[in-house]
Amino acid sequence: MGRGLLISFEGIDGAGKSTQARALADDLSARGLPVVTTYEPGATRLGAALRPILLSGDLPLGADAELLLFLADRADHVAQVIEPALTAGHIVLCDRFVDSTLAYQGYGRRAELDRLVRWNAECSGGLLPDLTLLLDCPVGEGARRRQRAADRYQSRDVDYHERVRDGFLRLAAAEPDRIHVLDSSVGLAALTATVTDTVVSWLVARGHEIRG
């Protein structure tokens with residue numbers, strides 16, 4: 001069995017990443033493909049301990065402390081979940097990965113991008129997604145869709161979230177072969193169909209036999 005594939009879902013809060021990752025996992029599994037779903041932060045025992053610290057606004061975090069905690073989560077996530085699944089030949093669907101660090105800490109908090117790129121590479125062992133689906137919608141639309149209390153990041157001002165969205169779009173413009181921008185402001189069913197069509201077409205283009 002060959003090495004698997006890493007597909008990441010990115011976008012601002014409320015763009016629909018988690019919903020679409022689950023729907024895609026169900027579709028690919030029904031086609032007989034081996035799929036693993038995961039997310040950041042919090043997918044490992046270490047990540048589960050870090051997630052409430054990162055997301056809760058109860059504990060103040062400086063920009064560097066915040067960044068390093070996210071990177072610690074990623075290093076453990078890659079080692080414990082992603083790399084073993086890829087080695088086993090699975091398709092890994094990840095809700096957020098390295099692009100979120102660049103968008104949120106880089107563009108959002110204005111950290112030095114070159115440093116973030118280096119640290120991302122070091123903490124992930126140089127791993128990049130084979131395909132990234134950037135689900136894009138206006139900041140106001142994302143805020144209206146959220147169904148839970150705002151966390152540390154969601155409660156930041158509109159300008160911050162606009163910088164994050166702009167950051168994602170800049171990343172996509174720089175890597176159009178890897179990052180596919182999908183309009184997530186369309187209806188749920190239409191977006192699910194677009195996500196599925198995009199991924200299945202991409203897999204077929206890579207020589208995978210897809211059932212159904």
# chains A, B, ... in the order shown; residues from 1 in each chain; ligands from 1
$ select_by_dssp --residues "chain A" --states "alpha helix (DSSP H)" --output "ChimeraX atom specification"
/A:17-30,45-55,63-77,83-87,98-100,113-124,139-145,158-174,188-205
$ write_last_selection --atoms "C-alpha atoms" --output "CSV table (one decimal), in the first residue's frame"
chain,number,residue,atom,x,y,z
A,17,LYS,CA,-15.0,23.3,7.6
A,18,SER,CA,-16.0,20.7,10.2
A,19,THR,CA,-19.4,20.0,8.5
A,20,GLN,CA,-17.8,19.6,5.1
A,21,ALA,CA,-15.0,17.4,6.4
A,22,ARG,CA,-17.5,15.0,7.9
A,23,ALA,CA,-19.6,14.9,4.7
A,24,LEU,CA,-16.6,14.3,2.6
A,25,ALA,CA,-15.4,11.5,4.9
A,26,ASP,CA,-18.7,9.8,4.6
A,27,ASP,CA,-18.7,10.1,0.8
A,28,LEU,CA,-15.2,8.8,0.4
A,29,SER,CA,-15.7,6.0,2.9
A,30,ALA,CA,-18.9,4.9,1.0
A,45,ARG,CA,-4.0,13.7,24.5
A,46,LEU,CA,-1.6,16.6,24.6
A,47,GLY,CA,-3.8,18.6,22.2
A,48,ALA,CA,-6.9,17.9,24.3
A,49,ALA,CA,-5.0,19.5,27.2
A,50,LEU,CA,-3.9,22.5,25.2
A,51,ARG,CA,-7.2,23.2,23.4
A,52,PRO,CA,-9.1,24.8,26.3
A,53,ILE,CA,-6.0,26.9,27.1
A,54,LEU,CA,-5.8,28.1,23.5
A,55,LEU,CA,-9.5,28.7,23.0
A,63,ALA,CA,1.4,36.3,20.8
A,64,ASP,CA,4.5,34.1,21.1
A,65,ALA,CA,3.1,31.9,23.8
A,66,GLU,CA,-0.1,31.4,21.7
A,67,LEU,CA,2.0,30.5,18.7
A,68,LEU,CA,4.2,28.0,20.5
A,69,LEU,CA,1.3,26.2,22.0
A,70,PHE,CA,-0.3,25.8,18.6
A,71,LEU,CA,3.0,24.5,17.2
A,72,ALA,CA,3.4,22.1,20.1
A,73,ASP,CA,-0.1,20.7,19.3
A,74,ARG,CA,0.8,20.4,15.6
A,75,ALA,CA,4.1,18.6,16.3
A,76,ASP,CA,2.3,16.0,18.5
A,77,HIS,CA,-0.6,15.8,16.0
A,83,GLU,CA,2.0,10.5,9.9
A,84,PRO,CA,0.9,7.1,11.0
A,85,ALA,CA,-2.3,7.4,9.0
A,86,LEU,CA,-0.4,8.5,5.9
A,87,THR,CA,2.1,5.7,6.3
A,98,VAL,CA,-0.4,24.9,8.7
A,99,ASP,CA,-2.2,27.6,6.7
A,100,SER,CA,-4.3,28.5,9.8
A,113,LEU,CA,5.6,35.3,8.1
A,114,ASP,CA,9.0,34.0,7.3
A,115,ARG,CA,9.5,32.8,10.9
A,116,LEU,CA,6.1,31.1,10.9
A,117,VAL,CA,6.9,29.3,7.7
A,118,ARG,CA,10.1,28.0,9.2
A,119,TRP,CA,8.5,27.0,12.5
A,120,ASN,CA,5.6,25.3,10.7
A,121,ALA,CA,8.1,23.2,8.7
A,122,GLU,CA,10.1,22.3,11.7
A,123,CYS,CA,7.0,21.3,13.8
A,124,SER,CA,5.4,19.3,11.0
A,139,VAL,CA,-16.6,37.6,7.9
A,140,GLY,CA,-20.2,38.7,8.8
A,141,GLU,CA,-21.6,35.5,7.3
A,142,GLY,CA,-19.2,33.4,9.3
A,143,ALA,CA,-20.2,35.1,12.5
A,144,ARG,CA,-23.9,34.6,11.8
A,145,ARG,CA,-23.4,30.9,11.3
A,158,VAL,CA,-13.8,42.6,12.8
A,159,ASP,CA,-10.6,44.0,11.5
A,160,TYR,CA,-8.7,41.0,12.9
A,161,HIS,CA,-11.0,38.6,11.2
A,162,GLU,CA,-10.8,40.5,7.9
A,163,ARG,CA,-7.0,40.3,8.1
A,164,VAL,CA,-7.3,36.5,8.6
A,165,ARG,CA,-9.7,36.1,5.7
A,166,ASP,CA,-7.4,38.2,3.5
A,167,GLY,CA,-4.5,36.1,4.7
A,168,PHE,CA,-6.1,32.9,3.6
A,169,LEU,CA,-6.9,34.4,0.2
A,170,ARG,CA,-3.3,35.6,-0.2
A,171,LEU,CA,-2.0,32.1,0.6
A,172,ALA,CA,-4.4,30.7,-2.0
A,173,ALA,CA,-3.2,33.1,-4.6
A,174,ALA,CA,0.4,32.1,-3.9
A,188,LEU,CA,-25.1,23.6,2.4
A,189,ALA,CA,-26.1,21.0,-0.2
A,190,ALA,CA,-24.4,23.0,-3.0
A,191,LEU,CA,-21.2,23.4,-1.1
A,192,THR,CA,-21.1,19.7,-0.2
A,193,ALA,CA,-21.5,18.8,-3.9
A,194,THR,CA,-18.8,21.2,-4.8
A,195,VAL,CA,-16.4,19.8,-2.2
A,196,THR,CA,-17.1,16.2,-3.3
A,197,ASP,CA,-16.7,17.0,-7.0
A,198,THR,CA,-13.5,18.9,-6.4
A,199,VAL,CA,-11.9,16.1,-4.4
A,200,VAL,CA,-13.1,13.2,-6.5
A,201,SER,CA,-11.9,15.0,-9.7
A,202,TRP,CA,-8.5,15.7,-8.0
A,203,LEU,CA,-8.2,12.0,-7.0
A,204,VAL,CA,-9.1,10.8,-10.5
A,205,ALA,CA,-6.5,13.2,-12.0
$ atom_distance --atom1 "CA of Leu33 in chain A" --atom2 "CA of Leu5 in chain A"
11.3 Å
$ atom_distance --atom1 "CA of Ser184 in chain A" --atom2 "CA of Asp157 in chain A"
21.6 Å
$ atom_distance --atom1 "CA of Gly16 in chain A" --atom2 "CA of Val35 in chain A"
19.3 Å
$ closest_residue --among "A:Cys94, A:Ile12, A:Leu6, A:Pro138" --to "Gly108 in chain A" --atoms "only C-alpha atoms"
A:Ile12
$ select_by_dssp --residues "range 3-211 of chain A" --states "strand (DSSP E)" --output "list in words"
Leu5, Leu6, Ile7, Ser8, Phe9, Glu10, Val35, Val36, Thr37, Thr38, Tyr39, Ile91, Val92, Leu93, Cys94, Asp95, Leu131, Thr132, Leu133, Leu134, Leu135, Asp136, Ile179, His180, Val181, Leu182 and Asp183 of chain A
$ write_last_selection --atoms "N, CA and C atoms" --output "PDB file, in the first residue's frame"
ATOM      1  N   LEU A   5      -2.748  10.379   1.497  1.00  0.00           N
ATOM      2  CA  LEU A   5      -2.860  11.768   1.072  1.00  0.00           C
ATOM      3  C   LEU A   5      -3.417  12.616   2.206  1.00  0.00           C
ATOM      4  N   LEU A   6      -2.920  13.833   2.305  1.00  0.00           N
ATOM      5  CA  LEU A   6      -3.397  14.764   3.327  1.00  0.00           C
ATOM      6  C   LEU A   6      -4.192  15.871   2.657  1.00  0.00           C
ATOM      7  N   ILE A   7      -5.457  15.986   3.043  1.00  0.00           N
ATOM      8  CA  ILE A   7      -6.349  17.038   2.543  1.00  0.00           C
ATOM      9  C   ILE A   7      -6.768  17.896   3.732  1.00  0.00           C
ATOM     10  N   SER A   8      -6.496  19.174   3.666  1.00  0.00           N
ATOM     11  CA  SER A   8      -6.867  20.066   4.773  1.00  0.00           C
ATOM     12  C   SER A   8      -8.034  20.957   4.377  1.00  0.00           C
ATOM     13  N   PHE A   9      -8.806  21.329   5.388  1.00  0.00           N
ATOM     14  CA  PHE A   9      -9.909  22.281   5.239  1.00  0.00           C
ATOM     15  C   PHE A   9      -9.525  23.551   5.996  1.00  0.00           C
ATOM     16  N   GLU A  10      -9.598  24.685   5.316  1.00  0.00           N
ATOM     17  CA  GLU A  10      -9.230  25.944   5.937  1.00  0.00           C
ATOM     18  C   GLU A  10     -10.324  26.986   5.711  1.00  0.00           C
ATOM     19  N   VAL A  35     -10.306   6.413   5.067  1.00  0.00           N
ATOM     20  CA  VAL A  35     -10.309   7.823   5.457  1.00  0.00           C
ATOM     21  C   VAL A  35     -10.119   7.963   6.959  1.00  0.00           C
ATOM     22  N   VAL A  36      -9.317   8.949   7.338  1.00  0.00           N
ATOM     23  CA  VAL A  36      -9.150   9.339   8.738  1.00  0.00           C
ATOM     24  C   VAL A  36      -9.484  10.824   8.835  1.00  0.00           C
ATOM     25  N   THR A  37     -10.346  11.184   9.777  1.00  0.00           N
ATOM     26  CA  THR A  37     -10.657  12.600   9.998  1.00  0.00           C
ATOM     27  C   THR A  37      -9.977  13.067  11.276  1.00  0.00           C
ATOM     28  N   THR A  38      -9.474  14.286  11.246  1.00  0.00           N
ATOM     29  CA  THR A  38      -8.806  14.835  12.420  1.00  0.00           C
ATOM     30  C   THR A  38      -8.918  16.354  12.377  1.00  0.00           C
ATOM     31  N   TYR A  39      -8.341  17.035  13.347  1.00  0.00           N
ATOM     32  CA  TYR A  39      -8.532  18.482  13.456  1.00  0.00           C
ATOM     33  C   TYR A  39      -7.440  19.082  14.330  1.00  0.00           C
ATOM     34  N   ILE A  91      -6.383   8.323   3.442  1.00  0.00           N
ATOM     35  CA  ILE A  91      -6.637   9.723   3.106  1.00  0.00           C
ATOM     36  C   ILE A  91      -6.981  10.436   4.414  1.00  0.00           C
ATOM     37  N   VAL A  92      -6.182  11.417   4.780  1.00  0.00           N
ATOM     38  CA  VAL A  92      -6.380  12.143   6.032  1.00  0.00           C
ATOM     39  C   VAL A  92      -7.071  13.466   5.723  1.00  0.00           C
ATOM     40  N   LEU A  93      -8.222  13.679   6.335  1.00  0.00           N
ATOM     41  CA  LEU A  93      -8.960  14.937   6.214  1.00  0.00           C
ATOM     42  C   LEU A  93      -8.751  15.714   7.501  1.00  0.00           C
ATOM     43  N   CYS A  94      -8.102  16.856   7.400  1.00  0.00           N
ATOM     44  CA  CYS A  94      -7.728  17.618   8.598  1.00  0.00           C
ATOM     45  C   CYS A  94      -8.416  18.978   8.611  1.00  0.00           C
ATOM     46  N   ASP A  95      -9.177  19.224   9.659  1.00  0.00           N
ATOM     47  CA  ASP A  95      -9.852  20.501   9.876  1.00  0.00           C
ATOM     48  C   ASP A  95      -8.840  21.458  10.517  1.00  0.00           C
ATOM     49  N   LEU A 131      -3.623  18.617  -0.825  1.00  0.00           N
ATOM     50  CA  LEU A 131      -4.720  19.449  -1.322  1.00  0.00           C
ATOM     51  C   LEU A 131      -5.311  20.211  -0.149  1.00  0.00           C
ATOM     52  N   THR A 132      -5.590  21.492  -0.358  1.00  0.00           N
ATOM     53  CA  THR A 132      -6.252  22.304   0.670  1.00  0.00           C
ATOM     54  C   THR A 132      -7.516  22.904   0.075  1.00  0.00           C
ATOM     55  N   LEU A 133      -8.629  22.742   0.778  1.00  0.00           N
ATOM     56  CA  LEU A 133      -9.888  23.362   0.396  1.00  0.00           C
ATOM     57  C   LEU A 133     -10.113  24.567   1.295  1.00  0.00           C
ATOM     58  N   LEU A 134     -10.022  25.748   0.704  1.00  0.00           N
ATOM     59  CA  LEU A 134     -10.262  26.979   1.444  1.00  0.00           C
ATOM     60  C   LEU A 134     -11.720  27.356   1.261  1.00  0.00           C
ATOM     61  N   LEU A 135     -12.502  27.194   2.310  1.00  0.00           N
ATOM     62  CA  LEU A 135     -13.919  27.551   2.270  1.00  0.00           C
ATOM     63  C   LEU A 135     -14.031  29.026   2.646  1.00  0.00           C
ATOM     64  N   ASP A 136     -14.397  29.832   1.679  1.00  0.00           N
ATOM     65  CA  ASP A 136     -14.355  31.279   1.855  1.00  0.00           C
ATOM     66  C   ASP A 136     -15.752  31.871   1.928  1.00  0.00           C
ATOM     67  N   ILE A 179      -4.058  25.024  -3.108  1.00  0.00           N
ATOM     68  CA  ILE A 179      -5.186  25.596  -2.367  1.00  0.00           C
ATOM     69  C   ILE A 179      -6.307  25.965  -3.328  1.00  0.00           C
ATOM     70  N   HIS A 180      -7.439  25.292  -3.192  1.00  0.00           N
ATOM     71  CA  HIS A 180      -8.610  25.550  -4.027  1.00  0.00           C
ATOM     72  C   HIS A 180      -9.620  26.367  -3.218  1.00  0.00           C
ATOM     73  N   VAL A 181      -9.983  27.516  -3.711  1.00  0.00           N
ATOM     74  CA  VAL A 181     -10.927  28.395  -3.017  1.00  0.00           C
ATOM     75  C   VAL A 181     -12.348  28.038  -3.454  1.00  0.00           C
ATOM     76  N   LEU A 182     -13.200  27.721  -2.457  1.00  0.00           N
ATOM     77  CA  LEU A 182     -14.592  27.389  -2.720  1.00  0.00           C
ATOM     78  C   LEU A 182     -15.485  28.380  -1.983  1.00  0.00           C
ATOM     79  N   ASP A 183     -16.491  28.886  -2.655  1.00  0.00           N
ATOM     80  CA  ASP A 183     -17.425  29.843  -2.053  1.00  0.00           C
ATOM     81  C   ASP A 183     -18.336  29.096  -1.085  1.00  0.00           C
TER      82      ASP A 183
END
